[in-house]
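Shown next, in C-alpha coordinates, is the structure this report addresses.
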Amino acid sequence: MGSAARIVLILILGLAAFAGQADSAGPTPGEPACQSHDFEGSSFLVCRWTPGAEDLRLDWTDAAGAPLRSFDNLERALGPSAARVRFAMNAGMFEDDGHPLGLFIADGRTLSPLNRFDGFGNFYLKPNGVFSVGADGRARIETTDAFASAARKTAWATQSGPMLVVNGELHPAIQPDGPSRLVRNGVGVGTDGSAYFAISQTPVSFGKLARLFRDDLRSPNALFLDGTVSSLWAPALNRRDDARLIGPIVTVLDRGG
(Lines give C-alpha, C1' and ligand atoms only; values in the text may rest on other atoms or scores of the structure.)
Protein backbone atom coordinates (compact mmCIF):
# COMPACT_ATOMS: atom_id res chain seq x y z
CA MET A 1 0.00 0.00 0.00
CA GLY A 2 1.38 3.43 -0.99
CA SER A 3 1.78 6.31 1.47
CA ALA A 4 -1.18 8.21 -0.01
CA ALA A 5 -3.45 5.18 0.36
CA ARG A 6 -2.30 4.70 3.95
CA ILE A 7 -3.16 8.32 4.76
CA VAL A 8 -6.62 7.93 3.26
CA LEU A 9 -7.18 4.70 5.25
CA ILE A 10 -6.09 6.38 8.51
CA LEU A 11 -8.48 9.28 7.87
CA ILE A 12 -11.36 6.89 7.18
CA LEU A 13 -10.69 4.88 10.34
CA GLY A 14 -10.41 8.06 12.38
CA LEU A 15 -13.74 9.36 11.10
CA ALA A 16 -15.38 6.01 11.80
CA ALA A 17 -14.04 6.01 15.36
CA PHE A 18 -15.27 9.57 15.88
CA ALA A 19 -18.71 8.66 14.56
CA GLY A 20 -18.88 5.69 16.93
CA GLN A 21 -17.97 7.92 19.86
CA ALA A 22 -20.61 10.46 18.82
CA ASP A 23 -23.28 7.77 18.63
CA SER A 24 -22.58 6.63 22.21
CA ALA A 25 -22.03 10.10 23.68
CA GLY A 26 -24.15 11.21 26.59
CA PRO A 27 -26.99 13.72 26.35
CA THR A 28 -26.28 17.36 25.59
CA PRO A 29 -26.83 19.50 28.73
CA GLY A 30 -30.40 20.83 28.72
CA GLU A 31 -31.51 18.46 25.96
CA PRO A 32 -34.86 16.77 26.72
CA ALA A 33 -34.54 13.03 27.22
CA CYS A 34 -37.66 12.41 25.13
CA GLN A 35 -37.82 13.47 21.49
CA SER A 36 -40.69 13.38 19.02
CA HIS A 37 -40.39 10.86 16.17
CA ASP A 38 -42.74 10.67 13.21
CA PHE A 39 -42.84 7.20 11.72
CA GLU A 40 -45.18 5.80 9.07
CA GLY A 41 -47.67 8.60 9.66
CA SER A 42 -47.78 8.22 13.46
CA SER A 43 -46.15 10.26 16.20
CA PHE A 44 -44.04 8.72 18.96
CA LEU A 45 -42.02 10.02 21.87
CA VAL A 46 -38.67 8.26 22.13
CA CYS A 47 -36.75 8.57 25.40
CA ARG A 48 -33.07 7.61 25.36
CA TRP A 49 -30.99 6.21 28.19
CA THR A 50 -27.23 6.39 27.76
CA PRO A 51 -25.45 3.89 30.03
CA GLY A 52 -22.60 5.50 31.92
CA ALA A 53 -23.97 9.00 31.42
CA GLU A 54 -27.29 8.70 33.28
CA ASP A 55 -28.63 6.54 36.09
CA LEU A 56 -31.37 3.97 35.53
CA ARG A 57 -33.51 2.19 38.10
CA LEU A 58 -36.52 -0.13 38.15
CA ASP A 59 -39.14 0.01 40.92
CA TRP A 60 -42.59 -1.29 41.66
CA THR A 61 -42.81 -0.61 45.42
CA ASP A 62 -41.73 2.16 47.76
CA ALA A 63 -39.30 1.71 50.68
CA ALA A 64 -42.11 0.36 52.87
CA GLY A 65 -43.06 -2.28 50.28
CA ALA A 66 -46.28 -0.62 49.10
CA PRO A 67 -46.93 -0.84 45.34
CA LEU A 68 -46.24 2.52 43.65
CA ARG A 69 -48.92 2.28 40.94
CA SER A 70 -48.34 5.91 39.75
CA PHE A 71 -45.71 8.55 38.99
CA ASP A 72 -47.13 10.69 41.76
CA ASN A 73 -46.23 7.97 44.26
CA LEU A 74 -42.88 7.45 42.54
CA GLU A 75 -42.03 11.13 42.98
CA ARG A 76 -42.76 10.91 46.71
CA ALA A 77 -40.74 7.70 47.02
CA LEU A 78 -37.71 9.24 45.28
CA GLY A 79 -37.67 12.22 47.64
CA PRO A 80 -34.93 14.75 46.75
CA SER A 81 -33.77 12.51 43.86
CA ALA A 82 -37.04 13.30 42.04
CA ALA A 83 -35.46 16.57 40.93
CA ARG A 84 -33.03 14.50 38.82
CA VAL A 85 -35.70 12.57 36.88
CA ARG A 86 -35.26 12.81 33.12
CA PHE A 87 -38.14 10.46 32.37
CA ALA A 88 -40.07 7.54 33.80
CA MET A 89 -42.27 5.01 32.00
CA ASN A 90 -44.31 1.92 32.78
CA ALA A 91 -41.99 -1.04 32.35
CA GLY A 92 -43.69 -4.40 32.14
CA MET A 93 -46.92 -6.27 32.72
CA PHE A 94 -48.36 -6.87 36.15
CA GLU A 95 -51.01 -8.55 38.28
CA ASP A 96 -54.09 -6.70 39.52
CA ASP A 97 -52.21 -5.57 42.64
CA GLY A 98 -49.29 -4.19 40.62
CA HIS A 99 -46.98 -7.16 41.23
CA PRO A 100 -44.79 -7.89 38.17
CA LEU A 101 -46.10 -10.76 36.08
CA GLY A 102 -42.59 -11.99 35.39
CA LEU A 103 -38.98 -11.45 36.39
CA PHE A 104 -38.18 -8.27 38.28
CA ILE A 105 -34.72 -7.44 39.62
CA ALA A 106 -34.06 -4.18 41.46
CA ASP A 107 -30.55 -3.19 42.47
CA GLY A 108 -29.40 -6.80 42.24
CA ARG A 109 -32.32 -8.24 44.26
CA THR A 110 -34.76 -10.62 42.57
CA LEU A 111 -38.21 -9.47 43.70
CA SER A 112 -40.19 -11.62 41.26
CA PRO A 113 -38.94 -14.82 39.54
CA LEU A 114 -38.59 -15.50 35.84
CA ASN A 115 -41.91 -16.62 34.35
CA ARG A 116 -41.55 -19.37 31.75
CA PHE A 117 -45.12 -20.66 31.93
CA ASP A 118 -47.59 -20.75 29.06
CA GLY A 119 -50.76 -18.71 29.24
CA PHE A 120 -53.13 -16.32 27.51
CA GLY A 121 -52.40 -12.72 26.57
CA ASN A 122 -49.58 -10.61 25.20
CA PHE A 123 -47.09 -11.55 27.91
CA TYR A 124 -47.31 -15.22 26.93
CA LEU A 125 -47.00 -14.67 23.18
CA LYS A 126 -43.68 -16.52 22.85
CA PRO A 127 -40.99 -15.54 22.55
CA ASN A 128 -41.36 -13.04 25.31
CA GLY A 129 -38.28 -11.43 26.78
CA VAL A 130 -36.28 -9.50 29.36
CA PHE A 131 -34.83 -6.02 29.41
CA SER A 132 -31.85 -6.05 31.74
CA VAL A 133 -28.84 -4.09 32.85
CA GLY A 134 -25.93 -6.28 33.85
CA ALA A 135 -23.50 -5.76 36.69
CA ASP A 136 -21.20 -4.52 33.92
CA GLY A 137 -23.62 -1.64 33.23
CA ARG A 138 -24.54 -2.95 29.78
CA ALA A 139 -28.18 -2.87 28.64
CA ARG A 140 -29.56 -5.98 26.93
CA ILE A 141 -32.82 -7.27 25.49
CA GLU A 142 -33.04 -11.03 25.12
CA THR A 143 -35.67 -13.70 24.77
CA THR A 144 -36.63 -15.27 28.09
CA ASP A 145 -34.83 -18.50 27.17
CA ALA A 146 -31.66 -16.65 26.18
CA PHE A 147 -31.67 -14.65 29.40
CA ALA A 148 -32.16 -17.80 31.49
CA SER A 149 -29.27 -19.59 29.79
CA ALA A 150 -26.86 -16.65 30.19
CA ALA A 151 -26.77 -16.92 34.01
CA ARG A 152 -24.96 -13.59 34.44
CA LYS A 153 -25.03 -11.12 37.32
CA THR A 154 -27.87 -8.66 36.78
CA ALA A 155 -28.45 -5.31 38.45
CA TRP A 156 -31.85 -4.45 36.99
CA ALA A 157 -34.35 -6.47 34.94
CA THR A 158 -37.99 -6.57 33.91
CA GLN A 159 -39.73 -9.30 31.91
CA SER A 160 -42.53 -8.59 29.46
CA GLY A 161 -43.88 -9.82 26.19
CA PRO A 162 -44.00 -10.35 23.40
CA MET A 163 -40.63 -9.58 21.92
CA LEU A 164 -41.17 -7.09 19.10
CA VAL A 165 -37.87 -7.66 17.30
CA VAL A 166 -35.61 -10.71 17.68
CA ASN A 167 -32.15 -10.53 16.13
CA GLY A 168 -33.34 -8.08 13.49
CA GLU A 169 -36.54 -9.96 12.62
CA LEU A 170 -40.08 -9.04 13.62
CA HIS A 171 -41.84 -11.41 16.01
CA PRO A 172 -43.37 -14.10 13.76
CA ALA A 173 -46.87 -13.72 15.27
CA ILE A 174 -47.06 -9.95 14.80
CA GLN A 175 -49.09 -8.87 11.77
CA PRO A 176 -47.67 -6.05 9.61
CA ASP A 177 -50.53 -3.76 10.59
CA GLY A 178 -53.13 -5.70 12.55
CA PRO A 179 -56.58 -4.36 13.48
CA SER A 180 -55.81 -3.72 17.18
CA ARG A 181 -54.96 -0.06 17.80
CA LEU A 182 -53.78 1.14 21.23
CA VAL A 183 -51.37 3.62 22.73
CA ARG A 184 -48.41 1.28 23.15
CA ASN A 185 -44.86 1.42 24.48
CA GLY A 186 -41.74 -0.68 24.29
CA VAL A 187 -37.98 -0.68 24.67
CA GLY A 188 -35.12 -1.43 22.31
CA VAL A 189 -31.34 -1.39 22.60
CA GLY A 190 -29.52 0.31 19.75
CA THR A 191 -26.25 -0.69 18.16
CA ASP A 192 -24.54 2.09 20.16
CA GLY A 193 -25.63 0.50 23.46
CA SER A 194 -28.26 3.10 24.26
CA ALA A 195 -31.72 1.97 25.36
CA TYR A 196 -34.70 3.58 23.63
CA PHE A 197 -38.04 3.68 25.43
CA ALA A 198 -40.79 4.62 22.97
CA ILE A 199 -44.45 5.43 23.52
CA SER A 200 -46.96 6.22 20.79
CA GLN A 201 -48.81 9.52 20.89
CA THR A 202 -51.86 7.96 19.25
CA PRO A 203 -53.16 4.38 18.97
CA VAL A 204 -50.94 2.18 16.76
CA SER A 205 -50.66 -1.46 15.78
CA PHE A 206 -48.09 -3.93 17.13
CA GLY A 207 -46.49 -4.07 13.69
CA LYS A 208 -45.90 -0.34 13.48
CA LEU A 209 -44.34 -0.22 16.95
CA ALA A 210 -42.08 -3.14 16.06
CA ARG A 211 -40.95 -1.50 12.82
CA LEU A 212 -40.23 1.76 14.66
CA PHE A 213 -37.62 -0.09 16.69
CA ARG A 214 -36.21 -2.14 13.84
CA ASP A 215 -36.25 0.38 11.00
CA ASP A 216 -36.07 3.80 12.66
CA LEU A 217 -34.23 3.23 15.93
CA ARG A 218 -32.06 0.42 14.53
CA SER A 219 -32.67 -1.87 17.48
CA PRO A 220 -31.89 -5.49 16.60
CA ASN A 221 -33.88 -6.58 19.67
CA ALA A 222 -36.93 -4.85 21.14
CA LEU A 223 -39.51 -5.73 23.77
CA PHE A 224 -43.17 -4.78 24.15
CA LEU A 225 -43.92 -3.21 27.53
CA ASP A 226 -47.69 -2.62 27.45
CA GLY A 227 -50.71 -1.05 25.82
CA THR A 228 -53.79 0.71 27.22
CA VAL A 229 -51.92 1.65 30.44
CA SER A 230 -48.84 3.00 28.61
CA SER A 231 -47.73 6.09 30.53
CA LEU A 232 -44.90 8.61 30.57
CA TRP A 233 -43.48 11.14 33.02
CA ALA A 234 -41.21 13.60 31.19
CA PRO A 235 -40.56 16.72 33.34
CA ALA A 236 -38.89 18.64 30.50
CA LEU A 237 -42.06 18.21 28.44
CA ASN A 238 -44.32 19.06 31.39
CA ARG A 239 -46.01 15.69 30.94
CA ARG A 240 -47.08 13.22 33.61
CA ASP A 241 -49.65 10.53 32.81
CA ASP A 242 -51.30 9.49 36.07
CA ALA A 243 -54.76 8.53 34.79
CA ARG A 244 -54.13 4.77 34.91
CA LEU A 245 -52.70 2.42 37.53
CA ILE A 246 -49.39 0.90 36.46
CA GLY A 247 -46.98 -1.73 37.80
CA PRO A 248 -43.20 -1.78 37.28
CA ILE A 249 -41.63 1.59 36.45
CA VAL A 250 -38.32 2.42 34.79
CA THR A 251 -36.79 5.75 35.78
CA VAL A 252 -33.81 7.51 34.20
CA LEU A 253 -32.12 10.25 36.22
CA ASP A 254 -29.31 12.72 35.76
CA ARG A 255 -26.12 11.47 37.36
CA GLY A 256 -26.05 12.29 41.05
CA GLY A 257 -25.46 10.93 44.51
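Ligands are numbered from 1 in the order shown, chains are lettered A, B, ... in the order of the C-alpha coordinates, and residues start at 1 in each chain.
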
Test item, strand (DSSP E or B) assignment across region 136-169 of chain A, answer as a ChimeraX atom specification: /A:139-143,154-160,163-166,169

Residue set, region 60-244 of chain A restricted to alpha helix (DSSP H), as a list in words: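 Across region 60-244 of chain A, those assigned alpha helix (DSSP H) are Phe71, Asp72, Asn73, Leu74, Glu75, Arg76, Ala77, Leu78, Thr144, Asp145, Ala146, Phe147, Ala148, Ser149, Ala150, Phe206, Gly207, Lys208, Leu209, Ala210 and Arg211 of chain A.
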
Neighbour list for Pro179 (chain A) as a ChimeraX atom specification, cut-off 12 Å, only C-alpha atoms, skip fewer than 6 positions in-chain: /A:203-208

Shell of 9 Å around Pro220 (chain A), only C-alpha atoms, local chain residues under 6 positions omitted, as number ranges by chain: A: 165-169, 188-191, 213-214

Go ahead and dump the residues you just picked, all heavy atoms, as a PDB file, in the first residue's frame.
ATOM      1  N   VAL A 165     -38.921  -7.380  18.282  1.00  0.00           N
ATOM      2  CA  VAL A 165     -37.872  -7.663  17.301  1.00  0.00           C
ATOM      3  C   VAL A 165     -36.899  -8.645  17.941  1.00  0.00           C
ATOM      4  O   VAL A 165     -36.491  -8.464  19.095  1.00  0.00           O
ATOM      5  CB  VAL A 165     -37.111  -6.384  16.886  1.00  0.00           C
ATOM      6  CG1 VAL A 165     -36.130  -6.683  15.757  1.00  0.00           C
ATOM      7  CG2 VAL A 165     -38.086  -5.284  16.471  1.00  0.00           C
ATOM      8  N   VAL A 166     -36.543  -9.698  17.190  1.00  0.00           N
ATOM      9  CA  VAL A 166     -35.614 -10.710  17.679  1.00  0.00           C
ATOM     10  C   VAL A 166     -34.502 -10.870  16.653  1.00  0.00           C
ATOM     11  O   VAL A 166     -34.739 -11.336  15.536  1.00  0.00           O
ATOM     12  CB  VAL A 166     -36.311 -12.073  17.912  1.00  0.00           C
ATOM     13  CG1 VAL A 166     -35.325 -13.073  18.511  1.00  0.00           C
ATOM     14  CG2 VAL A 166     -37.533 -11.918  18.807  1.00  0.00           C
ATOM     15  N   ASN A 167     -33.313 -10.434  17.024  1.00  0.00           N
ATOM     16  CA  ASN A 167     -32.149 -10.532  16.130  1.00  0.00           C
ATOM     17  C   ASN A 167     -32.443  -9.958  14.746  1.00  0.00           C
ATOM     18  O   ASN A 167     -32.128 -10.560  13.716  1.00  0.00           O
ATOM     19  CB  ASN A 167     -31.692 -11.985  16.019  1.00  0.00           C
ATOM     20  CG  ASN A 167     -31.232 -12.549  17.358  1.00  0.00           C
ATOM     21  OD1 ASN A 167     -30.667 -11.827  18.187  1.00  0.00           O
ATOM     22  ND2 ASN A 167     -31.476 -13.824  17.574  1.00  0.00           N
ATOM     23  N   GLY A 168     -33.077  -8.786  14.735  1.00  0.00           N
ATOM     24  CA  GLY A 168     -33.335  -8.081  13.486  1.00  0.00           C
ATOM     25  C   GLY A 168     -34.585  -8.501  12.750  1.00  0.00           C
ATOM     26  O   GLY A 168     -34.921  -7.907  11.716  1.00  0.00           O
ATOM     27  N   GLU A 169     -35.317  -9.485  13.270  1.00  0.00           N
ATOM     28  CA  GLU A 169     -36.535  -9.961  12.623  1.00  0.00           C
ATOM     29  C   GLU A 169     -37.740  -9.653  13.499  1.00  0.00           C
ATOM     30  O   GLU A 169     -37.676  -9.778  14.723  1.00  0.00           O
ATOM     31  CB  GLU A 169     -36.462 -11.471  12.364  1.00  0.00           C
ATOM     32  CG  GLU A 169     -35.307 -11.896  11.471  1.00  0.00           C
ATOM     33  CD  GLU A 169     -35.470 -11.426  10.033  1.00  0.00           C
ATOM     34  OE1 GLU A 169     -36.634 -11.222   9.608  1.00  0.00           O
ATOM     35  OE2 GLU A 169     -34.444 -11.272   9.347  1.00  0.00           O
ATOM     36  N   GLY A 188     -36.103  -0.792  23.168  1.00  0.00           N
ATOM     37  CA  GLY A 188     -35.117  -1.427  22.310  1.00  0.00           C
ATOM     38  C   GLY A 188     -33.728  -0.966  22.701  1.00  0.00           C
ATOM     39  O   GLY A 188     -33.557   0.103  23.297  1.00  0.00           O
ATOM     40  N   VAL A 189     -32.735  -1.774  22.375  1.00  0.00           N
ATOM     41  CA  VAL A 189     -31.341  -1.391  22.605  1.00  0.00           C
ATOM     42  C   VAL A 189     -30.680  -1.209  21.254  1.00  0.00           C
ATOM     43  O   VAL A 189     -30.700  -2.114  20.411  1.00  0.00           O
ATOM     44  CB  VAL A 189     -30.596  -2.449  23.444  1.00  0.00           C
ATOM     45  CG1 VAL A 189     -29.114  -2.097  23.559  1.00  0.00           C
ATOM     46  CG2 VAL A 189     -31.207  -2.551  24.831  1.00  0.00           C
ATOM     47  N   GLY A 190     -30.127  -0.011  21.028  1.00  0.00           N
ATOM     48  CA  GLY A 190     -29.520   0.307  19.749  1.00  0.00           C
ATOM     49  C   GLY A 190     -28.126  -0.272  19.607  1.00  0.00           C
ATOM     50  O   GLY A 190     -27.534  -0.793  20.555  1.00  0.00           O
ATOM     51  N   THR A 191     -27.592  -0.161  18.418  1.00  0.00           N
ATOM     52  CA  THR A 191     -26.255  -0.685  18.155  1.00  0.00           C
ATOM     53  C   THR A 191     -25.175   0.088  18.904  1.00  0.00           C
ATOM     54  O   THR A 191     -24.058  -0.402  19.071  1.00  0.00           O
ATOM     55  CB  THR A 191     -25.953  -0.640  16.647  1.00  0.00           C
ATOM     56  OG1 THR A 191     -26.159   0.704  16.166  1.00  0.00           O
ATOM     57  CG2 THR A 191     -26.885  -1.565  15.876  1.00  0.00           C
ATOM     58  N   PHE A 213     -38.880   0.326  16.064  1.00  0.00           N
ATOM     59  CA  PHE A 213     -37.622  -0.090  16.689  1.00  0.00           C
ATOM     60  C   PHE A 213     -36.641  -0.652  15.667  1.00  0.00           C
ATOM     61  O   PHE A 213     -35.459  -0.307  15.684  1.00  0.00           O
ATOM     62  CB  PHE A 213     -37.893  -1.121  17.787  1.00  0.00           C
ATOM     63  CG  PHE A 213     -38.407  -0.515  19.056  1.00  0.00           C
ATOM     64  CD1 PHE A 213     -39.737  -0.646  19.417  1.00  0.00           C
ATOM     65  CD2 PHE A 213     -37.568   0.215  19.886  1.00  0.00           C
ATOM     66  CE1 PHE A 213     -40.217  -0.079  20.586  1.00  0.00           C
ATOM     67  CE2 PHE A 213     -38.037   0.789  21.060  1.00  0.00           C
ATOM     68  CZ  PHE A 213     -39.364   0.646  21.411  1.00  0.00           C
ATOM     69  N   ARG A 214     -37.123  -1.506  14.794  1.00  0.00           N
ATOM     70  CA  ARG A 214     -36.206  -2.143  13.842  1.00  0.00           C
ATOM     71  C   ARG A 214     -35.703  -1.179  12.779  1.00  0.00           C
ATOM     72  O   ARG A 214     -34.488  -1.133  12.497  1.00  0.00           O
ATOM     73  CB  ARG A 214     -36.895  -3.332  13.161  1.00  0.00           C
ATOM     74  CG  ARG A 214     -35.957  -4.133  12.257  1.00  0.00           C
ATOM     75  CD  ARG A 214     -36.709  -5.132  11.404  1.00  0.00           C
ATOM     76  NE  ARG A 214     -37.601  -4.467  10.439  1.00  0.00           N
ATOM     77  CZ  ARG A 214     -38.372  -5.114   9.558  1.00  0.00           C
ATOM     78  NH1 ARG A 214     -38.366  -6.439   9.526  1.00  0.00           N
ATOM     79  NH2 ARG A 214     -39.147  -4.446   8.712  1.00  0.00           N
TER      80      ARG A 214
END

Point-to-point distance from CA of Pro172 (chain A) to CA of Leu125 (chain A), Å rounded to tenths: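 Straight-line distance from CA of Pro172 (chain A) to CA of Leu125 (chain A) works out to 10.1 Å.
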
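The interatomic distance for the pair CA of Thr158 (chain A) and CA of Asp226 (chain A) works out to 12.3 Å.
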
Using only C-alpha atoms: which of A:Thr202, A:Glu142, A:Ser230, A:Pro248 has the shortest distance to Glu95 (chain A):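 Checking each of A:Thr202, A:Glu142, A:Ser230, A:Pro248 against Glu95 (chain A), counting only C-alpha atoms, the winner is A:Pro248.
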
Spatial neighbours of region 102-116 of chain A, 9 Å, only C-alpha atoms, chain gap at least 5 places, as a list in words: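 Here the answer would be Arg57, Leu58, Asp59, Trp60, Gly92, Met93, Phe94, Phe123, Tyr124, Val130, Ser132, Ala135, Thr144, Asp145, Ala148, Lys153, Thr154, Ala155, Trp156, Ala157, Thr158, Gln159, Ser160 and Pro248 of chain A.
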
Keeping only N, CA, C and O atoms, write the selected residues to a file as an mmCIF file, in the first residue's frame.
data_model
loop_
_atom_site.group_PDB
_atom_site.id
_atom_site.type_symbol
_atom_site.label_atom_id
_atom_site.label_comp_id
_atom_site.auth_asym_id
_atom_site.auth_seq_id
_atom_site.Cartn_x
_atom_site.Cartn_y
_atom_site.Cartn_z
ATOM 1 N N ARG A 57 -33.028 3.060 37.050
ATOM 2 C CA ARG A 57 -33.513 2.189 38.105
ATOM 3 C C ARG A 57 -34.872 1.633 37.725
ATOM 4 O O ARG A 57 -35.599 2.215 36.915
ATOM 5 N N LEU A 58 -35.209 0.499 38.324
ATOM 6 C CA LEU A 58 -36.516 -0.126 38.153
ATOM 7 C C LEU A 58 -37.152 -0.293 39.526
ATOM 8 O O LEU A 58 -36.504 -0.752 40.470
ATOM 9 N N ASP A 59 -38.422 0.098 39.641
ATOM 10 C CA ASP A 59 -39.136 0.007 40.919
ATOM 11 C C ASP A 59 -40.568 -0.444 40.674
ATOM 12 O O ASP A 59 -41.142 -0.175 39.622
ATOM 13 N N TRP A 60 -41.137 -1.094 41.680
ATOM 14 C CA TRP A 60 -42.587 -1.291 41.665
ATOM 15 C C TRP A 60 -43.195 -1.075 43.047
ATOM 16 O O TRP A 60 -44.410 -0.983 43.207
ATOM 17 N N GLY A 92 -43.416 -2.981 32.084
ATOM 18 C CA GLY A 92 -43.689 -4.405 32.144
ATOM 19 C C GLY A 92 -45.084 -4.698 32.651
ATOM 20 O O GLY A 92 -45.721 -3.868 33.303
ATOM 21 N N MET A 93 -45.553 -5.894 32.366
ATOM 22 C CA MET A 93 -46.919 -6.271 32.717
ATOM 23 C C MET A 93 -46.997 -6.735 34.163
ATOM 24 O O MET A 93 -45.991 -7.112 34.767
ATOM 25 N N PHE A 94 -48.221 -6.705 34.709
ATOM 26 C CA PHE A 94 -48.359 -6.872 36.149
ATOM 27 C C PHE A 94 -49.704 -7.495 36.498
ATOM 28 O O PHE A 94 -50.656 -7.486 35.710
ATOM 29 N N PHE A 123 -48.296 -11.128 27.197
ATOM 30 C CA PHE A 123 -47.092 -11.546 27.912
ATOM 31 C C PHE A 123 -46.647 -12.934 27.476
ATOM 32 O O PHE A 123 -45.445 -13.216 27.380
ATOM 33 N N TYR A 124 -47.615 -13.822 27.231
ATOM 34 C CA TYR A 124 -47.314 -15.223 26.933
ATOM 35 C C TYR A 124 -47.186 -15.514 25.439
ATOM 36 O O TYR A 124 -47.078 -16.684 25.045
ATOM 37 N N VAL A 130 -36.756 -10.219 28.172
ATOM 38 C CA VAL A 130 -36.285 -9.505 29.355
ATOM 39 C C VAL A 130 -35.423 -8.322 28.926
ATOM 40 O O VAL A 130 -34.511 -8.474 28.100
ATOM 41 N N SER A 132 -32.703 -5.976 30.554
ATOM 42 C CA SER A 132 -31.853 -6.048 31.743
ATOM 43 C C SER A 132 -30.657 -5.125 31.610
ATOM 44 O O SER A 132 -30.249 -4.734 30.512
ATOM 45 N N ALA A 135 -24.421 -6.335 35.716
ATOM 46 C CA ALA A 135 -23.503 -5.763 36.690
ATOM 47 C C ALA A 135 -22.400 -4.974 35.995
ATOM 48 O O ALA A 135 -21.773 -4.100 36.607
ATOM 49 N N THR A 144 -36.651 -14.700 26.739
ATOM 50 C CA THR A 144 -36.629 -15.274 28.085
ATOM 51 C C THR A 144 -35.683 -16.461 28.163
ATOM 52 O O THR A 144 -34.916 -16.600 29.124
ATOM 53 N N ASP A 145 -35.712 -17.326 27.159
ATOM 54 C CA ASP A 145 -34.833 -18.504 27.174
ATOM 55 C C ASP A 145 -33.364 -18.087 27.111
ATOM 56 O O ASP A 145 -32.517 -18.667 27.804
ATOM 57 N N ALA A 148 -32.290 -16.734 30.497
ATOM 58 C CA ALA A 148 -32.160 -17.803 31.486
ATOM 59 C C ALA A 148 -30.866 -18.581 31.299
ATOM 60 O O ALA A 148 -30.215 -18.975 32.275
ATOM 61 N N LYS A 153 -24.608 -12.013 36.241
ATOM 62 C CA LYS A 153 -25.031 -11.123 37.318
ATOM 63 C C LYS A 153 -25.813 -9.954 36.730
ATOM 64 O O LYS A 153 -25.379 -9.332 35.762
ATOM 65 N N THR A 154 -26.974 -9.679 37.308
ATOM 66 C CA THR A 154 -27.870 -8.662 36.777
ATOM 67 C C THR A 154 -28.210 -7.652 37.863
ATOM 68 O O THR A 154 -28.553 -8.025 38.982
ATOM 69 N N ALA A 155 -28.120 -6.374 37.492
ATOM 70 C CA ALA A 155 -28.447 -5.308 38.446
ATOM 71 C C ALA A 155 -29.923 -4.945 38.392
ATOM 72 O O ALA A 155 -30.560 -4.717 39.432
ATOM 73 N N TRP A 156 -30.455 -4.861 37.175
ATOM 74 C CA TRP A 156 -31.849 -4.446 36.985
ATOM 75 C C TRP A 156 -32.451 -5.299 35.878
ATOM 76 O O TRP A 156 -31.787 -5.565 34.872
ATOM 77 N N ALA A 157 -33.715 -5.688 36.014
ATOM 78 C CA ALA A 157 -34.354 -6.469 34.944
ATOM 79 C C ALA A 157 -35.867 -6.424 35.087
ATOM 80 O O ALA A 157 -36.404 -6.391 36.202
ATOM 81 N N THR A 158 -36.536 -6.433 33.949
ATOM 82 C CA THR A 158 -37.989 -6.571 33.908
ATOM 83 C C THR A 158 -38.356 -7.454 32.726
ATOM 84 O O THR A 158 -37.797 -7.319 31.632
ATOM 85 N N GLN A 159 -39.278 -8.376 32.948
ATOM 86 C CA GLN A 159 -39.729 -9.305 31.915
ATOM 87 C C GLN A 159 -41.074 -8.847 31.381
ATOM 88 O O GLN A 159 -41.944 -8.402 32.134
ATOM 89 N N SER A 160 -41.258 -8.961 30.081
ATOM 90 C CA SER A 160 -42.525 -8.591 29.463
ATOM 91 C C SER A 160 -42.686 -9.405 28.185
ATOM 92 O O SER A 160 -41.906 -10.320 27.911
ATOM 93 N N PRO A 248 -44.621 -2.139 37.283
ATOM 94 C CA PRO A 248 -43.204 -1.777 37.276
ATOM 95 C C PRO A 248 -42.966 -0.452 36.542
ATOM 96 O O PRO A 248 -43.653 -0.129 35.569
#

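Rounded to one decimal, CA of Val229 (chain A) and CA of Leu245 (chain A) lie 7.2 Å from each other.
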